[in-house]
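Content type CSV, C-alpha atoms, from the file run_18.csv:
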```csv
chain,number,residue,atom,x,y,z
A,1,MET,CA,-3.4,5.4,20.0
A,2,GLY,CA,-2.4,9.0,19.8
A,3,LEU,CA,1.0,10.4,18.9
A,4,ILE,CA,1.1,12.4,22.1
A,5,SER,CA,1.2,10.1,25.2
A,6,ASP,CA,-1.1,10.8,28.2
A,7,ASP,CA,1.9,11.9,30.3
A,8,VAL,CA,3.1,14.4,27.7
A,9,ALA,CA,-0.5,15.6,27.1
A,10,ALA,CA,-0.8,16.3,30.8
A,11,GLN,CA,2.4,18.3,30.8
A,12,LEU,CA,1.4,20.2,27.7
A,13,LYS,CA,-2.0,21.1,29.2
A,14,GLN,CA,-0.2,22.6,32.1
A,15,GLU,CA,2.2,24.5,29.8
A,16,PHE,CA,-0.6,25.8,27.7
A,17,GLY,CA,-2.1,27.4,30.9
A,18,LYS,CA,0.4,30.2,30.0
A,19,LEU,CA,-1.4,30.9,26.7
A,20,VAL,CA,-2.6,34.5,26.4
A,21,ASN,CA,-4.1,34.9,23.0
A,22,PRO,CA,-5.4,32.3,20.6
A,23,VAL,CA,-2.9,30.6,18.2
A,24,ARG,CA,-3.8,29.1,14.9
A,25,LEU,CA,-1.7,26.2,13.7
A,26,VAL,CA,-2.0,25.7,9.9
A,27,VAL,CA,-0.5,22.4,8.8
A,28,PHE,CA,0.3,21.6,5.2
A,29,PHE,CA,0.3,18.0,4.1
A,30,GLN,CA,0.0,15.6,1.2
A,31,ALA,CA,-0.6,12.1,2.4
A,32,LEU,CA,0.3,10.3,-0.8
A,33,ALA,CA,3.5,12.1,-1.7
A,34,ASP,CA,4.7,12.5,1.8
A,35,PRO,CA,3.4,10.1,4.5
A,36,GLU,CA,5.4,12.0,7.1
A,37,SER,CA,3.3,15.1,6.5
A,38,GLU,CA,0.2,13.1,7.4
A,39,GLN,CA,1.8,12.3,10.7
A,40,VAL,CA,2.6,16.0,11.3
A,41,LYS,CA,-1.1,16.8,10.5
A,42,ARG,CA,-2.2,14.3,13.2
A,43,LEU,CA,0.3,15.7,15.7
A,44,VAL,CA,-0.9,19.3,15.2
A,45,GLU,CA,-4.6,18.2,15.5
A,46,GLU,CA,-3.8,16.4,18.7
A,47,LEU,CA,-1.9,19.4,20.0
A,48,ALA,CA,-4.8,21.8,19.2
A,49,ALA,CA,-7.2,19.6,21.0
A,50,LEU,CA,-5.3,20.1,24.3
A,51,ASP,CA,-6.4,23.7,24.8
A,52,PRO,CA,-9.3,25.8,23.7
A,53,LYS,CA,-7.0,28.7,22.7
A,54,LEU,CA,-5.4,26.5,20.1
A,55,SER,CA,-6.9,25.7,16.7
A,56,ALA,CA,-5.7,23.5,13.8
A,57,GLU,CA,-6.4,23.9,10.1
A,58,ALA,CA,-5.2,21.2,7.7
A,59,CYS,CA,-4.4,22.2,4.2
A,60,ASN,CA,-3.5,20.0,1.3
A,61,PHE,CA,-0.3,21.2,-0.3
A,62,VAL,CA,-1.5,20.6,-3.8
A,63,LEU,CA,-5.2,21.3,-3.6
A,64,ASP,CA,-5.2,24.3,-1.3
A,65,LYS,CA,-3.0,26.5,-3.5
A,66,GLU,CA,-4.5,29.7,-2.2
A,67,ARG,CA,-3.4,29.0,1.4
A,68,VAL,CA,0.0,27.7,0.2
A,69,ASP,CA,0.6,31.0,-1.6
A,70,ALA,CA,-0.9,33.2,1.1
A,71,LEU,CA,1.3,31.7,3.8
A,72,LYS,CA,4.3,31.3,1.4
A,73,ILE,CA,4.7,27.6,2.1
A,74,THR,CA,7.6,26.2,0.0
A,75,ARG,CA,7.7,22.5,1.1
A,76,ILE,CA,6.0,19.9,3.3
A,77,PRO,CA,5.5,18.9,6.0
A,78,ALA,CA,5.0,22.5,7.1
A,79,ILE,CA,3.4,24.2,10.1
A,80,ALA,CA,2.6,27.9,10.2
A,81,VAL,CA,2.2,29.3,13.7
A,82,LEU,CA,-0.2,32.2,13.5
A,83,GLY,CA,-1.4,34.7,16.0
A,84,GLN,CA,-5.1,35.6,16.1
A,85,ASP,CA,-4.7,38.6,13.8
A,86,ARG,CA,-1.0,38.5,13.0
A,87,ASP,CA,1.4,36.4,11.2
A,88,TYR,CA,4.9,36.7,12.7
A,89,GLY,CA,6.3,34.7,9.9
A,90,ILE,CA,7.1,31.5,11.9
A,91,ARG,CA,7.2,28.3,9.9
A,92,LEU,CA,8.4,24.9,10.9
A,93,TYR,CA,9.3,22.4,8.3
A,94,GLY,CA,9.7,18.7,8.7
A,95,LEU,CA,8.6,16.5,11.6
A,96,PRO,CA,8.9,18.3,14.9
A,97,SER,CA,10.2,15.4,16.9
A,98,GLY,CA,12.6,15.3,19.8
A,99,TYR,CA,14.1,18.7,20.6
A,100,GLU,CA,12.2,20.3,17.8
A,101,PHE,CA,8.9,19.4,19.5
A,102,GLY,CA,10.0,21.8,22.2
A,103,SER,CA,10.7,24.5,19.5
A,104,LEU,CA,7.2,24.1,18.3
A,105,ILE,CA,5.7,24.5,21.8
A,106,ASP,CA,8.0,27.6,22.4
A,107,ALA,CA,6.8,29.1,19.1
A,108,ILE,CA,3.2,28.6,20.1
A,109,LEU,CA,3.8,30.3,23.5
A,110,ASP,CA,5.7,33.2,22.0
A,111,VAL,CA,3.1,33.9,19.3
A,112,SER,CA,0.3,33.6,22.0
A,113,SER,CA,2.1,36.2,24.2
A,114,GLY,CA,3.0,38.4,21.2
A,115,ASP,CA,6.4,38.8,22.9
A,116,SER,CA,9.7,37.7,21.3
A,117,GLY,CA,11.6,38.0,24.6
A,118,LEU,CA,14.2,40.2,22.9
A,119,ALA,CA,15.9,42.9,25.0
A,120,ALA,CA,14.7,46.5,24.7
A,121,GLU,CA,18.0,47.6,23.1
A,122,THR,CA,17.7,44.9,20.4
A,123,ARG,CA,14.1,46.0,19.6
A,124,GLU,CA,15.2,49.6,19.3
A,125,ALA,CA,18.1,48.6,17.0
A,126,LEU,CA,15.8,46.5,14.8
A,127,LYS,CA,13.5,49.5,14.1
A,128,ALA,CA,16.2,50.6,11.6
A,129,VAL,CA,15.8,47.3,9.7
A,130,THR,CA,12.9,48.1,7.3
A,131,GLN,CA,13.0,45.2,4.8
A,132,PRO,CA,12.2,41.6,5.6
A,133,ILE,CA,15.1,39.4,6.6
A,134,HIS,CA,14.7,35.6,6.2
A,135,LEU,CA,16.1,33.7,9.2
A,136,GLN,CA,16.4,30.0,8.7
A,137,VAL,CA,17.6,27.6,11.4
A,138,PHE,CA,18.6,24.1,10.2
A,139,SER,CA,18.6,21.2,12.6
A,140,THR,CA,18.5,17.4,12.6
A,141,PRO,CA,15.7,15.6,14.5
A,142,THR,CA,17.0,14.1,17.7
B,1,MET,CA,18.5,18.9,7.5
B,2,THR,CA,18.5,15.3,6.1
B,3,GLY,CA,14.9,15.8,5.0
B,4,TYR,CA,15.8,18.7,2.7
B,5,PRO,CA,19.0,17.8,0.8
B,6,GLU,CA,18.6,20.7,-1.7
B,7,LEU,CA,18.6,23.2,1.2
B,8,ALA,CA,21.5,21.5,2.9
B,9,GLN,CA,23.5,21.7,-0.3
B,10,ARG,CA,22.4,25.3,-1.1
B,11,TYR,CA,23.4,26.6,2.3
B,12,ARG,CA,26.4,24.2,2.8
B,13,ILE,CA,25.0,22.7,6.0
B,14,SER,CA,27.6,20.3,7.5
B,15,SER,CA,26.8,20.8,11.1
B,16,VAL,CA,23.7,21.8,13.0
B,17,PRO,CA,22.1,23.9,14.4
B,18,LYS,CA,23.1,26.2,11.6
B,19,THR,CA,21.4,29.6,11.0
B,20,MET,CA,21.1,31.5,7.8
B,21,VAL,CA,20.4,35.2,8.2
B,22,GLY,CA,19.3,36.3,4.7
B,23,GLU,CA,21.3,34.6,2.0
B,24,ALA,CA,24.9,35.4,3.1
B,25,GLN,CA,25.2,35.7,6.9
B,26,GLU,CA,25.6,32.4,8.7
B,27,PHE,CA,26.6,30.8,12.0
B,28,VAL,CA,26.6,27.5,13.7
B,29,GLY,CA,25.3,27.0,17.3
B,30,ALA,CA,23.9,29.7,19.5
B,31,LEU,CA,25.0,33.3,19.7
B,32,PRO,CA,24.5,36.0,22.3
B,33,GLU,CA,21.6,38.3,21.3
B,34,PRO,CA,23.8,41.3,20.4
B,35,THR,CA,25.9,39.2,18.0
B,36,LEU,CA,22.7,37.8,16.3
B,37,LEU,CA,21.5,41.4,16.0
B,38,LYS,CA,24.7,42.3,14.2
B,39,HIS,CA,24.1,39.5,11.7
B,40,VAL,CA,20.6,40.8,11.0
B,41,GLN,CA,22.0,44.3,10.6
B,42,GLN,CA,24.6,43.1,8.2
B,43,ALA,CA,22.1,41.1,6.2
B,44,ALA,CA,19.9,44.2,6.0
B,45,GLY,CA,22.9,46.3,4.9
B,46,ALA,CA,23.8,43.7,2.2
B,47,ASN,CA,20.3,43.8,0.9
B,48,LEU,CA,20.4,47.6,0.6
B,49,ILE,CA,23.6,47.4,-1.5
B,50,ALA,CA,22.1,44.7,-3.7
```

Here is the file; what I need is its structure written in the form of structure tokens.
Amino acid sequence: MGLISDDVAAQLKQEFGKLVNPVRLVVFFQALADPESEQVKRLVEELAALDPKLSAEACNFVLDKERVDALKITRIPAIAVLGQDRDYGIRLYGLPSGYEFGSLIDAILDVSSGDSGLAAETREALKAVTQPIHLQVFSTPT
Amino acid sequence: MTGYPELAQRYRISSVPKTMVGEAQEFVGALPEPTLLKHVQQAAGANLIA
């Protein structure tokens, strides 16, 4: 029995028809210390199986230190949503359930298109921001 | 937020969705894009001073 029901899988397959470029989902887990992270790993693997443009890579938070450092992962469960050749810095922490599942799907579509959806004026103004700014959105699973 | 109590405490999260822009700029709920941009610009300015 999968985490993603047949109905939801069918909807997602349709949604993933909008994918432009490949997206890599790197999930960080540690089954013993954090059973929830094992569930996130399964979820990401099931998601990636829905479309050939998606791929999943599972990394152990303790053993795969190189990946943890390279992607600046600070806690688990974590999902890094990466473009083919580009990391936009998108990380999702915790179990993406309820509304947050939609946020994960949106992140995948945004990364795939390479388009943030921001207005032209906003993009222009952001050119003046030269140092990295860390944006963190906190939510509660619904 | 309940999964990461140390972050909830550090950023004084009492209602969600709460967004932190850098370490000092914060807001709850959704904002129009120009207002969000202002937060980012202020965070960038604060970093320059620091």

Inset, instruction - Name the residues in contact with stretch 99-110 of chain A at a cut-off of 8 Å, using all atoms listed in the file, excluding same-chain residues fewer than 3 positions from it; report them as a ChimeraX atom specification. - result: /A:16,18-19,23,81,90,92,96,113-116,141-142

Legend entry - Within-12 Å shell of (23.4, 39.1, 20.1) in input frame, all atoms listed in the file, as a list in words: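 In the file's frame, the residues around the point are Leu118, Ala119, Glu121, Thr122, Arg123, Ala125 and Leu126 of chain A; Ala30, Leu31, Pro32, Glu33, Pro34, Thr35, Leu36, Leu37, Lys38, His39, Val40 and Gln41 of chain B.
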
Counting all atoms listed in the file, a student should be able to say which residues of chain B come within 9 Å of chain A; what is the right answer, written as a PDB file with C-alpha atoms, keeping the file's coordinate frame?
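And here is the file that came out, selection26.pdb:
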```pdb
ATOM      1  CA  MET B   1      18.500  18.900   7.500  1.00  0.00           C
ATOM      2  CA  THR B   2      18.500  15.300   6.100  1.00  0.00           C
ATOM      3  CA  GLY B   3      14.900  15.800   5.000  1.00  0.00           C
ATOM      4  CA  TYR B   4      15.800  18.700   2.700  1.00  0.00           C
ATOM      5  CA  ALA B   8      21.500  21.500   2.900  1.00  0.00           C
ATOM      6  CA  ILE B  13      25.000  22.700   6.000  1.00  0.00           C
ATOM      7  CA  SER B  15      26.800  20.800  11.100  1.00  0.00           C
ATOM      8  CA  VAL B  16      23.700  21.800  13.000  1.00  0.00           C
ATOM      9  CA  PRO B  17      22.100  23.900  14.400  1.00  0.00           C
ATOM     10  CA  LYS B  18      23.100  26.200  11.600  1.00  0.00           C
ATOM     11  CA  THR B  19      21.400  29.600  11.000  1.00  0.00           C
ATOM     12  CA  MET B  20      21.100  31.500   7.800  1.00  0.00           C
ATOM     13  CA  VAL B  21      20.400  35.200   8.200  1.00  0.00           C
ATOM     14  CA  GLY B  22      19.300  36.300   4.700  1.00  0.00           C
ATOM     15  CA  GLU B  23      21.300  34.600   2.000  1.00  0.00           C
ATOM     16  CA  GLU B  33      21.600  38.300  21.300  1.00  0.00           C
ATOM     17  CA  PRO B  34      23.800  41.300  20.400  1.00  0.00           C
ATOM     18  CA  LEU B  37      21.500  41.400  16.000  1.00  0.00           C
ATOM     19  CA  VAL B  40      20.600  40.800  11.000  1.00  0.00           C
ATOM     20  CA  GLN B  41      22.000  44.300  10.600  1.00  0.00           C
ATOM     21  CA  ALA B  43      22.100  41.100   6.200  1.00  0.00           C
ATOM     22  CA  ALA B  44      19.900  44.200   6.000  1.00  0.00           C
ATOM     23  CA  GLY B  45      22.900  46.300   4.900  1.00  0.00           C
ATOM     24  CA  ASN B  47      20.300  43.800   0.900  1.00  0.00           C
ATOM     25  CA  LEU B  48      20.400  47.600   0.600  1.00  0.00           C
TER      26      LEU B  48
END
```

Inset, instruction - Report the distance between atom CA of B:Gln42 and atom CA of B:Ala24 in Å, rounded to one decimal place. - result: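 Taking atom CA of B:Gln42 and atom CA of B:Ala24, their separation equals 9.2 Å.
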
Inset, instruction - List the neighbours of stretch 78-80 of chain A out to 9 Å using only C-alpha atoms; skip same-chain residues closer than 2 positions along the sequence, and give me the result as number ranges by chain. - result: A: 24-29, 37, 40-41, 44, 71, 73-76, 82, 87, 89-95

Can you write out the residues you just picked, keeping C-alpha atoms, as a PDB file, keeping the file's coordinate frame?
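Written file, part.pdb:
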```
ATOM      1  CA  ARG A  24      -3.800  29.100  14.900  1.00  0.00           C
ATOM      2  CA  LEU A  25      -1.700  26.200  13.700  1.00  0.00           C
ATOM      3  CA  VAL A  26      -2.000  25.700   9.900  1.00  0.00           C
ATOM      4  CA  VAL A  27      -0.500  22.400   8.800  1.00  0.00           C
ATOM      5  CA  PHE A  28       0.300  21.600   5.200  1.00  0.00           C
ATOM      6  CA  PHE A  29       0.300  18.000   4.100  1.00  0.00           C
ATOM      7  CA  SER A  37       3.300  15.100   6.500  1.00  0.00           C
ATOM      8  CA  VAL A  40       2.600  16.000  11.300  1.00  0.00           C
ATOM      9  CA  LYS A  41      -1.100  16.800  10.500  1.00  0.00           C
ATOM     10  CA  VAL A  44      -0.900  19.300  15.200  1.00  0.00           C
ATOM     11  CA  LEU A  71       1.300  31.700   3.800  1.00  0.00           C
ATOM     12  CA  ILE A  73       4.700  27.600   2.100  1.00  0.00           C
ATOM     13  CA  THR A  74       7.600  26.200   0.000  1.00  0.00           C
ATOM     14  CA  ARG A  75       7.700  22.500   1.100  1.00  0.00           C
ATOM     15  CA  ILE A  76       6.000  19.900   3.300  1.00  0.00           C
ATOM     16  CA  LEU A  82      -0.200  32.200  13.500  1.00  0.00           C
ATOM     17  CA  ASP A  87       1.400  36.400  11.200  1.00  0.00           C
ATOM     18  CA  GLY A  89       6.300  34.700   9.900  1.00  0.00           C
ATOM     19  CA  ILE A  90       7.100  31.500  11.900  1.00  0.00           C
ATOM     20  CA  ARG A  91       7.200  28.300   9.900  1.00  0.00           C
ATOM     21  CA  LEU A  92       8.400  24.900  10.900  1.00  0.00           C
ATOM     22  CA  TYR A  93       9.300  22.400   8.300  1.00  0.00           C
ATOM     23  CA  GLY A  94       9.700  18.700   8.700  1.00  0.00           C
ATOM     24  CA  LEU A  95       8.600  16.500  11.600  1.00  0.00           C
TER      25      LEU A  95
END
```

Inset, instruction - May I ask for the distance between atom CA of A:Glu57 and atom CA of A:Leu12, given in Å to one decimal place? - result: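 Straight-line distance from atom CA of A:Glu57 to atom CA of A:Leu12 works out to 19.6 Å.
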